[in-house]
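The file input.csv contains CSV, C-alpha atoms:
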chain,number,residue,atom,x,y,z
A,184,MET,CA,89.1,80.7,150.4
A,185,SER,CA,87.5,78.3,148.0
A,186,THR,CA,89.6,79.8,145.2
A,187,ASP,CA,92.8,79.3,147.1
A,188,THR,CA,91.8,75.8,148.0
A,189,GLY,CA,91.1,75.0,144.3
A,190,SER,CA,94.4,76.5,143.3
A,191,VAL,CA,96.3,74.3,145.8
A,192,ALA,CA,94.4,71.3,144.6
A,193,LEU,CA,95.3,72.0,141.0
A,194,VAL,CA,99.0,72.4,141.9
A,195,GLY,CA,98.9,69.2,143.9
A,196,ASP,CA,97.3,67.3,141.1
A,197,GLU,CA,99.9,68.7,138.7
A,198,VAL,CA,102.8,67.6,140.9
A,199,VAL,CA,101.3,64.1,141.3
A,200,GLU,CA,100.9,63.9,137.5
A,201,ASN,CA,104.5,65.0,137.0
A,202,VAL,CA,105.9,62.5,139.6
A,203,VAL,CA,104.0,59.7,137.9
A,204,ARG,CA,105.2,60.7,134.5
A,205,ALA,CA,108.8,60.9,135.8
A,206,ALA,CA,108.5,57.5,137.3
A,207,LEU,CA,107.2,56.1,134.1
A,208,PHE,CA,110.0,57.4,132.0
A,209,ALA,CA,112.5,56.2,134.6
A,210,ALA,CA,111.0,52.7,134.3
A,211,LEU,CA,111.0,53.0,130.5
A,212,THR,CA,114.7,53.8,130.6
A,213,GLY,CA,115.2,50.7,132.8
A,214,VAL,CA,113.4,48.6,130.2
A,215,PHE,CA,115.5,50.0,127.4
A,216,SER,CA,118.7,49.1,129.3
A,217,TYR,CA,117.8,45.4,128.8
A,218,VAL,CA,118.5,45.9,125.1
A,219,SER,CA,122.2,45.7,125.6
A,220,PHE,CA,125.0,44.1,123.5
A,221,GLN,CA,128.7,44.6,122.9
A,222,LEU,CA,130.2,46.3,119.9
A,223,PRO,CA,133.4,44.6,118.6
A,224,VAL,CA,135.2,47.9,118.8
A,225,SER,CA,134.3,48.9,122.4
A,226,PRO,CA,134.1,47.3,125.9
A,227,VAL,CA,131.3,49.7,126.7
A,228,PRO,CA,127.9,48.1,126.3
A,229,TYR,CA,125.6,49.5,123.7
A,230,THR,CA,122.1,50.0,125.0
A,231,LEU,CA,118.8,51.9,124.3
A,232,GLN,CA,119.2,53.8,127.6
A,233,VAL,CA,120.0,57.0,125.7
A,234,LEU,CA,116.6,56.8,123.9
A,235,GLY,CA,115.0,56.9,127.4
A,236,ILE,CA,116.9,60.1,128.2
A,237,PHE,CA,116.0,61.7,124.9
A,238,LEU,CA,112.3,60.9,125.4
A,239,ALA,CA,112.3,62.1,129.0
A,240,GLY,CA,113.9,65.4,128.1
A,241,VAL,CA,111.5,66.0,125.2
A,242,PHE,CA,108.3,65.0,126.9
A,243,LEU,CA,108.9,66.0,130.5
A,244,GLY,CA,110.9,69.2,130.1
A,245,PRO,CA,114.0,70.2,132.0
A,246,ARG,CA,113.0,69.8,135.7
A,247,TRP,CA,111.0,66.6,135.5
A,248,GLY,CA,113.2,65.1,132.8
A,249,ALA,CA,116.2,65.5,135.1
A,250,ALA,CA,114.2,64.2,138.0
A,251,SER,CA,113.1,61.2,136.1
A,252,LEU,CA,116.7,60.2,135.2
A,253,ALA,CA,117.9,61.0,138.7
A,254,LEU,CA,115.3,58.6,139.9
A,255,TYR,CA,116.5,56.0,137.4
A,256,VAL,CA,120.1,56.3,138.5
A,257,VAL,CA,119.2,56.2,142.2
A,258,ALA,CA,117.0,53.2,141.7
A,259,GLY,CA,119.8,51.3,140.0
A,260,ALA,CA,122.3,52.3,142.7
A,261,VAL,CA,120.2,51.0,145.5
A,262,GLY,CA,119.7,47.6,143.8
A,263,ALA,CA,117.0,47.8,141.1
A,264,PRO,CA,118.3,45.8,138.1
A,265,VAL,CA,117.8,48.7,135.7
A,266,TYR,CA,121.3,49.3,134.3
A,267,ALA,CA,122.8,47.6,131.2
A,268,TYR,CA,122.4,43.8,131.2
A,269,GLY,CA,120.2,44.2,134.3
A,270,ALA,CA,123.1,45.3,136.5
A,271,SER,CA,122.7,47.3,139.6
A,272,GLY,CA,124.5,48.6,142.7
A,273,ILE,CA,126.4,51.7,143.6
A,274,GLY,CA,129.6,50.1,142.3
A,275,GLN,CA,128.3,50.6,138.7
A,276,LEU,CA,128.5,54.3,139.2
A,277,PHE,CA,132.3,53.9,139.7
A,278,SER,CA,132.9,51.4,136.9
A,279,PRO,CA,134.6,52.3,133.6
A,280,TRP,CA,131.2,53.2,132.1
A,281,GLY,CA,129.8,54.8,135.3
A,282,GLY,CA,130.3,58.3,133.8
A,283,TYR,CA,127.4,57.6,131.4
A,284,LEU,CA,125.1,57.0,134.4
A,285,TRP,CA,126.2,60.2,136.1
A,286,SER,CA,125.5,62.2,133.0
A,287,TYR,CA,121.9,61.1,132.5
A,288,PRO,CA,120.0,63.6,134.7
A,289,PHE,CA,122.2,66.5,133.4
A,290,ALA,CA,121.6,65.4,129.8
A,291,ALA,CA,117.9,65.1,130.2
A,292,GLY,CA,117.6,68.4,131.9
A,293,LEU,CA,119.7,70.2,129.3
A,294,LEU,CA,117.8,68.6,126.5
A,295,GLY,CA,114.5,69.7,128.1
A,296,TYR,CA,115.7,73.2,128.6
A,297,VAL,CA,117.0,73.7,125.1
A,298,ALA,CA,114.0,72.0,123.5
A,299,HIS,CA,111.4,73.8,125.5
A,300,GLY,CA,113.2,77.1,125.7
A,301,THR,CA,112.1,77.5,129.4
A,302,ASP,CA,112.2,75.6,132.7
A,303,GLU,CA,108.5,74.7,132.1
A,304,ARG,CA,107.2,71.9,129.9
A,305,THR,CA,105.4,72.9,126.7
A,306,PRO,CA,103.4,70.6,124.4
A,307,THR,CA,105.8,68.7,122.1
A,308,GLY,CA,103.9,69.7,119.0
A,309,GLU,CA,104.9,73.3,119.7
A,310,ILE,CA,108.6,72.6,119.9
A,311,ALA,CA,110.5,73.9,116.9
A,312,LEU,CA,112.5,71.3,115.0
A,313,TRP,CA,115.7,73.3,115.4
A,314,ARG,CA,115.2,73.3,119.2
A,315,LEU,CA,114.8,69.5,119.2
A,316,ALA,CA,117.9,69.0,117.1
A,317,ALA,CA,119.9,71.4,119.3
A,318,GLY,CA,118.7,69.8,122.5
A,319,LEU,CA,119.4,66.3,121.3
A,320,THR,CA,122.9,67.2,120.2
A,321,ALA,CA,123.6,69.0,123.5
A,322,ALA,CA,122.4,66.0,125.5
A,323,THR,CA,124.6,63.6,123.4
A,324,VAL,CA,127.6,65.8,124.0
A,325,VAL,CA,127.0,65.8,127.8
A,326,ILE,CA,126.6,62.0,127.8
A,327,TYR,CA,129.8,61.5,125.7
A,328,ALA,CA,131.8,64.0,127.8
A,329,PHE,CA,130.9,62.3,131.1
A,330,GLY,CA,131.3,58.8,129.6
A,331,THR,CA,134.7,59.6,128.2
A,332,VAL,CA,136.1,61.2,131.3
A,333,GLY,CA,134.6,58.4,133.5
A,334,TYR,CA,136.2,55.7,131.3
A,335,ALA,CA,139.6,57.5,131.2
A,336,TYR,CA,139.6,57.7,135.0
A,337,PHE,CA,137.9,54.5,136.1
A,338,GLY,CA,139.4,52.5,133.2
A,339,ASP,CA,142.9,53.2,134.4
A,340,LEU,CA,144.0,55.2,131.3
A,341,ALA,CA,146.4,57.4,133.3
A,342,LEU,CA,144.1,60.4,133.0
A,343,PHE,CA,146.2,62.7,135.2
A,344,ALA,CA,149.5,61.5,133.9
A,345,ASP,CA,148.7,62.1,130.3
A,346,PRO,CA,145.2,63.6,130.0
A,347,VAL,CA,145.2,64.3,126.3
A,348,ARG,CA,146.2,60.8,125.4
A,349,ALA,CA,143.9,59.3,128.0
A,350,LEU,CA,140.8,61.3,126.8
A,351,VAL,CA,141.5,60.6,123.1
A,352,SER,CA,141.9,56.9,123.8
A,353,ALA,CA,138.7,56.8,125.8
A,354,ALA,CA,136.7,58.8,123.2
A,355,LEU,CA,137.7,56.3,120.6
A,356,VAL,CA,135.8,53.5,122.5
A,357,THR,CA,133.2,55.4,124.4
A,358,ALA,CA,131.9,58.0,121.9
A,359,VAL,CA,132.9,57.5,118.3
A,360,PRO,CA,131.5,54.0,117.8
A,361,PHE,CA,128.1,55.0,119.2
A,362,VAL,CA,127.5,58.1,117.0
A,363,PRO,CA,125.4,56.3,114.3
A,364,GLY,CA,123.2,54.7,117.0
A,365,GLU,CA,122.7,58.0,118.7
A,366,ILE,CA,121.6,59.6,115.5
A,367,LEU,CA,119.0,56.9,115.0
A,368,LYS,CA,117.7,57.3,118.6
A,369,ALA,CA,117.5,61.1,118.0
A,370,VAL,CA,115.4,60.5,114.9
A,371,VAL,CA,113.1,58.2,116.9
A,372,ALA,CA,112.7,60.9,119.6
A,373,VAL,CA,111.9,63.6,117.0
A,374,LEU,CA,109.3,61.3,115.4
A,375,ALA,CA,107.8,60.6,118.8
A,376,ALA,CA,107.6,64.4,119.5
A,377,ARG,CA,105.9,64.9,116.2
A,378,SER,CA,103.5,62.0,116.5
A,379,GLU,CA,99.8,63.0,116.3
A,380,ARG,CA,99.0,60.6,119.1
A,381,LEU,CA,101.6,62.1,121.4
A,382,ARG,CA,101.5,65.7,120.2
A,383,GLY,CA,99.7,67.1,123.2
A,384,ALA,CA,101.8,65.2,125.7
For this file, write the structure as structure tokens.
Amino acid sequence: MSTDTGSVALVGDEVVENVVRAALFAALTGVFSYVSFQLPVSPVPYTLQVLGIFLAGVFLGPRWGAASLALYVVAGAVGAPVYAYGASGIGQLFSPWGGYLWSYPFAAGLLGYVAHGTDERTPTGEIALWRLAAGLTAATVVIYAFGTVGYAYFGDLALFADPVRALVSAALVTAVPFVPGEILKAVVAVLAARSERLRGA
């Protein structure tokens, strides 16, 4: 009986720890969203939100990384000022850049799964560099795919009338201009994963 009770306590402690970590990364992503500005070639705001997604996927793994970003999206939808420029509200999910927001839990979960190679979290110091690179690339593709489709639809680019033209036009302002910035964020995420101070996280 005592062994069973101890096991339950350990599982409970682990869940609490993961919930706290997920909340912290959700909050961190919200802080990053305040670093927002407009690029002259795109109406979509450039923010550091994606860095939060990268870090959540790397440090929390697939399940809790996805949960963290789901918490972030829900918090913003119900009124917490955690989206770009401090915006909030469910309407943001259906704005021309709402597709990005919908993508975040999926991107973090996919990154975590590819990087860790399992649905469990492993110490970041044990993640192979190729897994990190593949996971970060996959997450970026998911974010851009959601963002492009969302902009083509909610931005009134006649997605259903001329889908190819609409998607290409959308990608030129929702994906292409942001590639250099995403590469820099990916480098930061890799450096964080390789940090001696964070290696056991």
Nearest candidate to Ala316 in chain A (options A:Ala258, A:Ala353, A:Ala376, A:Leu284; using only C-alpha atoms): A:Ala376
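Using only C-alpha atoms for every distance, the candidate list A:Ser216, A:Thr307, A:Thr320, A:Ser271 yields A:Thr320 as the residue closest to Leu293 in chain A.
Contact shell of Tyr217 in chain A at 7 Å (all atoms listed in the file; same-chain neighbours under 2 positions omitted): A:Val214, A:Phe215, A:Ser219, A:Ala267, A:Tyr268, A:Gly269.
Distance annotation: of A:Thr331, A:Gln232, A:Ser251, A:Thr323, the residue with the minimal separation from Val351 in chain A is A:Thr331; atom set is all atoms listed in the file.
If you look at CA of Gly308 in chain A and CA of Pro288 in chain A, they are 23.3 Å away from each other.
Counting only C-alpha atoms and comparing A:Leu319, A:Leu211, A:Leu350, A:Leu312, the residue that lies closest to Tyr296 in chain A is A:Leu319.
One distance worth recording is that between CA of Gly274 in chain A and CA of Val257 in chain A, which is 12.1 Å.
Closest approach to Val356 in chain A from the set A:Gly235, A:Gly213, A:Pro279, A:Gly295 is made by A:Pro279, with distances taken over all atoms listed in the file.
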